[in-house]
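*Asks:* This structure is in structure tokens; I'll ask about it shortly.
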Amino acid sequence: MKEAGETNTTTERSLAQEIGTMPTGRPGDVAVFPYLVYSEFLAALLCSIVLMVWSLTVAAPLLEQANPGITENPAKAPWYFVGLQELLVYFDPWIAGVMMPTLIIVGLMAIPYLDTSTNAVGRYTIRERRLVISHFGLGFALWWVLIAIGQFLRGPNWHIYWPWQDWSMVKNPEGAMWDFPVWVGLPLLIAYFVGGFVIPQKRWPWLLERLGTARYVGSITLALLFYGVPIKMLLRLLFNVKYVLVTSWFNI
Amino acid sequence: MASSRTDQFRRKAVDWITTSQLYRSVFRHGYADTVRNRALEVTSNAFLHLHPITIPAHALKVRFTFCLGGLTFFLFLVETVTGVLLMFYYRPVPEYAYADMKTLQYAVYFGMILRNLHRWGAHLMVVLVMLHMLRVFLTGSYRPPREFNWVLGVNLLVLTLLLSFTGYLLPWDQLAFWAVTVGTNMAAATPFLGAEGPFHGLLGVNGMNDARFLLLGDVRVAGSALLRFYVLHCVALPLVAGVLMVVHFWRVRKDGGISRPL
Ligand code: HEM
């Protein structure tokens, strides 16, 4: 290797041209060193500054020592789980705390196996992927809205407290709630799922055609389960419905 | 040029250093800015060699990735370093844990800033990993052939949340205790496997053998839960997350580099 005196005899431009002739390179490619490595370094530097300033100005919380005898009211989960905790208002724990997280994880992992199109990859476009992006966007938004409600609007006994309201103010318990009788609830649920599978097939026949049976069933199942969440929330908020279906083993 | 004297001096110094045995034993590439050296700077470096030598100009655009995946990884490193330092000052037993936090904050030099960096770094990592997922989604980068890397990513998302959650208990204050009590109560609601879940009677599941007991090592959050969360937080979860990250990065390359428009 001849090194001494070799310094900078080539200009950036001819270096760039040469990169195109490298085994891994194609015309227009750039060298990872220095370009990508420098960007990464700068990003890390910027991130460090933000984190350092944050840590210098805001102290991490430390309350009284843990005491099983004194219940915190409200006892909030860490913010990233507060969205699930907020769902406990609308669903029993086995749904909000177990089924939902499981379905979210499974649903997320299933996305690439349900949406297998290879169009519009590698760039931001809403227009060409309206369908997929609108459903995912709604889910993502709901996640953050629930977190915001749980984190900022919930006070003692999980009542809604607006930011300007004092937590010492006593709130009335919610009004009486009612359940759908089984002969209403069960047919409604069945209608929701059957209709959910049949109606899109009737209205948009190309959907089943394009996806195939397995992907169609998978996508619709996940979508119906997901839209069940805001629907149940609305039933509760607008009509004081506690359960859609009551059985002797579980309630929905 | 006016600076020819200093220039000459600089060149001499650089030559002297870069031709020394010591320098050459560490760096397997020359100092001069040549295409060959640019390639070697990546391939002969254990850390950089996860990168390809060249990338399409598109992959360099900050407004494509916003560096979100890279920064998530960077924060994982920050958490590892600050976490190891915190371990010097912390004992995971109810008798000491809270007192150790107080000592850290009031008696250890830079203790408070160390704790803040670790805590806020964790929050930032959770935010960034969610945004990274959003960016991957919006650019359609989960589509074939990158399906499996998306699945690995979802696992990393879950691990990031679990890392954060297990760490939340360790300060052993009221905030930690009740947040984890609320969270782990959910395990008791698991159908079949939780003492308060539907159908738990079928398998003879009760409070002493259900999913929550497995998590806490007890019927309530107490000493065993603190130890379990500590071991998960400091050893088990970081190891698994670290391994999955390596596979995640390796797959980015095997799947043809980060996605780009046709
Ligand atoms: C600890 C968590 C994670 C780390 C450290 C990480 C890191 C990275 C890095 C460094 C890249 C290279 C490009 C970029 O920076 O955007 C990347 C790409 C990718 N990540 Fe992640 N990631 C994590 C979590 C996730 C999650 C949660 C998902 C999705 C659910 C995901 C899916 C992907 C996919 C599909 C790619 C390829 C993107 C493309 O080709 O454009 N990752 N990841």
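Ligands are numbered from 1 in the order shown, chains are lettered A, B, ... in the order of the structure tokens, and residues start at 1 in each chain.
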Show me which residues sit within 6 Å of ligand 1 when counting only C-alpha atoms and all ligand atoms, and put them as a list in words.
*Replies:* Thr65, Cys67, Leu68, Gly69, Gly70, Thr72, Phe73, Val129, Met133, Val136, Ser141, Tyr142, Arg146, Asn149, Trp150, Gly153, Val154, Leu156, Leu157, Met245, Val252, Ile258 and Ser259 of chain B
*Asks:* May I have the residues of chain A within 7 Å of chain B, counting only C-alpha atoms, written as a VMD selection string?
*Replies:* chain A and resid 3 to 4 6 to 8 15 19 24 to 25 28 to 33 36 44 51 to 52 55 to 56 59 to 60 62 to 67 72 75 to 78 93 to 94 97 to 98 108 to 109 112 116 to 118 120 to 124 249 to 250
*Asks:* Could those selected residues go to a file with N, CA and C atoms, as a compact mmCIF listing (two decimals), in the first residue's frame?
*Replies:*
```txt
# COMPACT_ATOMS: atom_id res chain seq x y z
N GLU A 3 1.04 5.03 0.66
CA GLU A 3 0.14 5.94 1.36
C GLU A 3 0.62 7.38 1.34
N ALA A 4 1.90 7.57 1.71
CA ALA A 4 2.40 8.94 1.87
C ALA A 4 2.25 9.73 0.59
N GLU A 6 -0.20 10.60 -1.01
CA GLU A 6 -1.34 10.25 -1.86
C GLU A 6 -2.53 11.18 -1.64
N THR A 7 -2.41 11.97 -0.56
CA THR A 7 -3.53 12.76 -0.07
C THR A 7 -4.22 13.63 -1.11
N ASN A 8 -5.52 13.48 -1.22
CA ASN A 8 -6.37 14.39 -1.95
C ASN A 8 -5.90 14.78 -3.34
N LEU A 15 -14.02 10.89 -7.47
CA LEU A 15 -14.26 9.81 -6.50
C LEU A 15 -15.66 9.26 -6.71
N ILE A 19 -16.83 5.43 -7.73
CA ILE A 19 -17.66 4.58 -6.90
C ILE A 19 -18.60 3.74 -7.76
N THR A 24 -19.64 -3.22 -5.65
CA THR A 24 -20.98 -3.11 -5.07
C THR A 24 -21.70 -1.87 -5.56
N GLY A 25 -21.00 -1.04 -6.29
CA GLY A 25 -21.59 0.26 -6.62
C GLY A 25 -22.26 0.29 -7.96
N GLY A 28 -24.25 6.68 -9.64
CA GLY A 28 -25.14 7.47 -8.79
C GLY A 28 -25.11 7.04 -7.34
N ASP A 29 -24.48 5.91 -7.04
CA ASP A 29 -24.36 5.50 -5.64
C ASP A 29 -23.38 6.42 -4.91
N VAL A 30 -23.49 6.39 -3.59
CA VAL A 30 -22.54 7.16 -2.80
C VAL A 30 -21.83 6.22 -1.84
N ALA A 31 -20.64 6.67 -1.39
CA ALA A 31 -19.88 5.86 -0.45
C ALA A 31 -20.48 6.00 0.93
N VAL A 32 -20.62 4.87 1.64
CA VAL A 32 -21.17 4.90 3.00
C VAL A 32 -20.25 5.72 3.90
N PHE A 33 -18.92 5.49 3.73
CA PHE A 33 -17.97 6.35 4.41
C PHE A 33 -17.47 7.36 3.42
N LEU A 36 -22.88 8.38 4.75
CA LEU A 36 -23.87 7.84 5.69
C LEU A 36 -23.35 7.90 7.12
N ALA A 44 -26.90 11.22 15.87
CA ALA A 44 -26.65 10.78 17.24
C ALA A 44 -26.27 11.97 18.11
N LEU A 51 -31.43 14.91 24.53
CA LEU A 51 -31.58 14.10 25.74
C LEU A 51 -30.86 14.76 26.92
N MET A 52 -29.69 15.34 26.65
CA MET A 52 -28.92 15.96 27.72
C MET A 52 -29.66 17.18 28.27
N SER A 55 -32.54 16.05 30.32
CA SER A 55 -32.14 15.47 31.60
C SER A 55 -31.59 16.51 32.57
N LEU A 56 -31.06 17.61 32.01
CA LEU A 56 -30.54 18.67 32.89
C LEU A 56 -31.67 19.53 33.43
N ALA A 59 -36.32 16.70 36.27
CA ALA A 59 -35.91 15.59 37.14
C ALA A 59 -36.89 14.44 37.01
N ALA A 60 -36.36 13.24 36.97
CA ALA A 60 -37.22 12.04 36.95
C ALA A 60 -38.00 11.98 38.26
N LEU A 62 -39.75 10.77 41.68
CA LEU A 62 -39.55 9.76 42.72
C LEU A 62 -40.50 10.13 43.86
N LEU A 63 -41.57 9.35 44.01
CA LEU A 63 -42.56 9.66 45.05
C LEU A 63 -42.12 9.03 46.37
N GLU A 64 -43.06 8.93 47.31
CA GLU A 64 -42.77 8.25 48.57
C GLU A 64 -42.42 6.79 48.31
N GLN A 65 -41.78 6.17 49.30
CA GLN A 65 -41.44 4.75 49.16
C GLN A 65 -42.71 3.91 48.95
N ALA A 66 -42.56 2.84 48.18
CA ALA A 66 -43.70 1.96 47.90
C ALA A 66 -44.37 1.51 49.19
N ASN A 67 -45.69 1.60 49.20
CA ASN A 67 -46.43 1.22 50.41
C ASN A 67 -47.73 0.53 50.00
N GLU A 72 -52.54 4.42 45.53
CA GLU A 72 -52.51 5.65 44.76
C GLU A 72 -53.85 5.78 44.03
N ALA A 75 -54.21 5.13 40.11
CA ALA A 75 -52.98 4.37 39.87
C ALA A 75 -52.85 4.18 38.38
N LYS A 76 -51.93 4.95 37.78
CA LYS A 76 -51.81 4.90 36.33
C LYS A 76 -50.66 4.02 35.89
N ALA A 77 -50.88 3.28 34.82
CA ALA A 77 -49.81 2.52 34.19
C ALA A 77 -48.84 3.52 33.55
N PRO A 78 -47.63 3.08 33.15
CA PRO A 78 -46.75 3.97 32.40
C PRO A 78 -47.46 4.46 31.15
N PRO A 93 -61.38 -6.69 31.92
CA PRO A 93 -59.92 -6.84 31.87
C PRO A 93 -59.43 -7.93 30.92
N TRP A 94 -60.16 -9.01 30.80
CA TRP A 94 -59.62 -10.07 29.94
C TRP A 94 -59.61 -9.63 28.48
N GLY A 97 -57.04 -6.04 28.71
CA GLY A 97 -55.68 -6.26 29.19
C GLY A 97 -54.98 -7.45 28.57
N VAL A 98 -55.74 -8.36 27.96
CA VAL A 98 -55.11 -9.57 27.43
C VAL A 98 -55.39 -9.75 25.93
N LEU A 108 -50.41 -6.69 13.93
CA LEU A 108 -49.29 -5.97 13.33
C LEU A 108 -48.40 -6.92 12.54
N MET A 109 -48.12 -8.10 13.15
CA MET A 109 -47.24 -9.04 12.47
C MET A 109 -47.88 -9.58 11.20
N PRO A 112 -47.87 -7.61 6.75
CA PRO A 112 -47.21 -7.87 5.46
C PRO A 112 -47.71 -9.13 4.76
N THR A 116 -49.90 -7.80 0.41
CA THR A 116 -48.68 -8.30 -0.23
C THR A 116 -48.36 -7.57 -1.52
N SER A 117 -49.08 -6.51 -1.79
CA SER A 117 -48.78 -5.75 -2.99
C SER A 117 -47.35 -5.22 -2.94
N THR A 118 -46.72 -5.09 -4.09
CA THR A 118 -45.36 -4.54 -4.08
C THR A 118 -45.33 -3.18 -4.75
N ALA A 120 -45.79 0.96 -4.85
CA ALA A 120 -45.60 2.10 -3.97
C ALA A 120 -44.73 1.77 -2.77
N VAL A 121 -43.63 1.07 -3.02
CA VAL A 121 -42.69 0.78 -1.94
C VAL A 121 -41.56 1.80 -1.98
N GLY A 122 -41.09 2.19 -0.80
CA GLY A 122 -39.90 3.04 -0.75
C GLY A 122 -40.16 4.51 -0.95
N ARG A 123 -41.42 4.93 -0.84
CA ARG A 123 -41.70 6.36 -0.89
C ARG A 123 -43.00 6.65 -0.16
N TYR A 124 -43.15 7.89 0.21
CA TYR A 124 -44.37 8.27 0.92
C TYR A 124 -45.46 8.57 -0.09
N TRP A 249 -70.38 -16.98 31.62
CA TRP A 249 -68.94 -17.19 31.71
C TRP A 249 -68.16 -15.90 31.47
N PHE A 250 -68.64 -15.09 30.53
CA PHE A 250 -67.92 -13.85 30.24
C PHE A 250 -68.90 -12.84 29.65
```
*Asks:* Would you please work out which residue, of B:Glu79, B:Leu85, B:Val219, B:Gly111, is nearest to Pro238 (chain B) when using only C-alpha atoms?
*Replies:* B:Glu79
*Asks:* Which residues are close to region 238-244 of chain A, i.e. within 10 Å by only C-alpha atoms, leaving aside same-chain residues fewer than 5 positions away? Reply as a list in words.
*Replies:*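 Contacts, in chain order: Val89, Tyr90, Phe91, Asp92, Glu174, Gly175, Ala176, Met177, Trp178, Asp179, Phe180, Pro181, Val182, Val184, Gly185, Leu186, Leu188, Leu189, Lys232, Met233, Asn251 and Ile252 of chain A.
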*Asks:* Go ahead and dump the residues you just picked, N, CA and C atoms, as a short mmCIF file (atom, residue, chain, number, x, y, z; two decimals), in the first residue's frame.
*Replies:*
```cif
data_model
loop_
_atom_site.label_atom_id
_atom_site.label_comp_id
_atom_site.auth_asym_id
_atom_site.auth_seq_id
_atom_site.Cartn_x
_atom_site.Cartn_y
_atom_site.Cartn_z
N VAL A 89 -62.25 1.07 30.79
CA VAL A 89 -63.53 1.73 31.00
C VAL A 89 -64.61 1.04 30.17
N TYR A 90 -64.20 0.55 29.00
CA TYR A 90 -65.18 0.06 28.03
C TYR A 90 -65.24 -1.45 27.95
N PHE A 91 -64.18 -2.12 28.41
CA PHE A 91 -64.14 -3.58 28.27
C PHE A 91 -63.67 -4.21 29.57
N ASP A 92 -64.05 -5.48 29.77
CA ASP A 92 -63.56 -6.23 30.92
C ASP A 92 -62.05 -6.46 30.77
N GLU A 174 -70.86 7.64 37.47
CA GLU A 174 -71.59 7.64 36.21
C GLU A 174 -73.04 7.20 36.41
N GLY A 175 -73.89 7.62 35.52
CA GLY A 175 -75.30 7.23 35.58
C GLY A 175 -75.46 5.73 35.42
N ALA A 176 -76.65 5.24 35.71
CA ALA A 176 -76.90 3.80 35.63
C ALA A 176 -76.66 3.31 34.21
N MET A 177 -76.14 2.09 34.10
CA MET A 177 -75.89 1.53 32.79
C MET A 177 -76.73 0.27 32.59
N TRP A 178 -76.90 -0.11 31.36
CA TRP A 178 -77.70 -1.29 31.10
C TRP A 178 -77.01 -2.18 30.07
N ASP A 179 -77.43 -3.46 30.05
CA ASP A 179 -76.87 -4.42 29.10
C ASP A 179 -77.91 -4.77 28.06
N PHE A 180 -77.47 -5.12 26.87
CA PHE A 180 -78.38 -5.70 25.90
C PHE A 180 -78.82 -7.06 26.42
N PRO A 181 -80.11 -7.38 26.34
CA PRO A 181 -80.50 -8.76 26.65
C PRO A 181 -79.89 -9.70 25.61
N VAL A 182 -79.73 -10.97 26.01
CA VAL A 182 -79.05 -11.91 25.12
C VAL A 182 -79.73 -11.99 23.75
N VAL A 184 -81.03 -9.82 22.07
CA VAL A 184 -80.65 -8.69 21.22
C VAL A 184 -79.16 -8.75 20.92
N GLY A 185 -78.39 -8.98 21.99
CA GLY A 185 -76.93 -8.92 21.87
C GLY A 185 -76.36 -9.95 20.93
N LEU A 186 -76.80 -11.19 21.11
CA LEU A 186 -76.22 -12.27 20.31
C LEU A 186 -76.51 -12.09 18.82
N LEU A 188 -77.15 -9.36 17.28
CA LEU A 188 -76.42 -8.17 16.82
C LEU A 188 -74.97 -8.51 16.51
N LEU A 189 -74.35 -9.25 17.44
CA LEU A 189 -72.95 -9.62 17.22
C LEU A 189 -72.80 -10.49 15.98
N LYS A 232 -68.01 -0.07 20.33
CA LYS A 232 -68.38 -0.32 21.73
C LYS A 232 -68.20 0.95 22.57
N MET A 233 -67.15 1.71 22.28
CA MET A 233 -66.93 2.95 23.03
C MET A 233 -68.09 3.91 22.84
N ASN A 251 -68.51 -11.56 29.72
CA ASN A 251 -69.33 -10.50 29.14
C ASN A 251 -68.53 -9.71 28.13
N ILE A 252 -69.22 -9.26 27.09
CA ILE A 252 -68.52 -8.48 26.07
C ILE A 252 -69.16 -7.10 25.98
#
```
*Asks:* Could you pull out the residues in region 74-177 of chain B that DSSP calls helix (DSSP H, G or I) from the backbone, as a PyMOL selection string?
*Replies:* chain B and resi 74-87+97-107+111-138+147-169+174-177
*Asks:* What is the distance, in Å and to one decimal place, between CA of Asn45 (chain B) and CA of Val37 (chain A)?
*Replies:* 12.1 Å
*Asks:* Go through B:Leu203, B:Leu239, B:Leu232, B:Val84 one by one, measure the shortest atom-to-atom distance of each to Leu215 (chain B) using only C-alpha atoms, and give the residue with the smallest value.
*Replies:*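 Smallest separation from Leu215 (chain B) among the options: B:Leu232.
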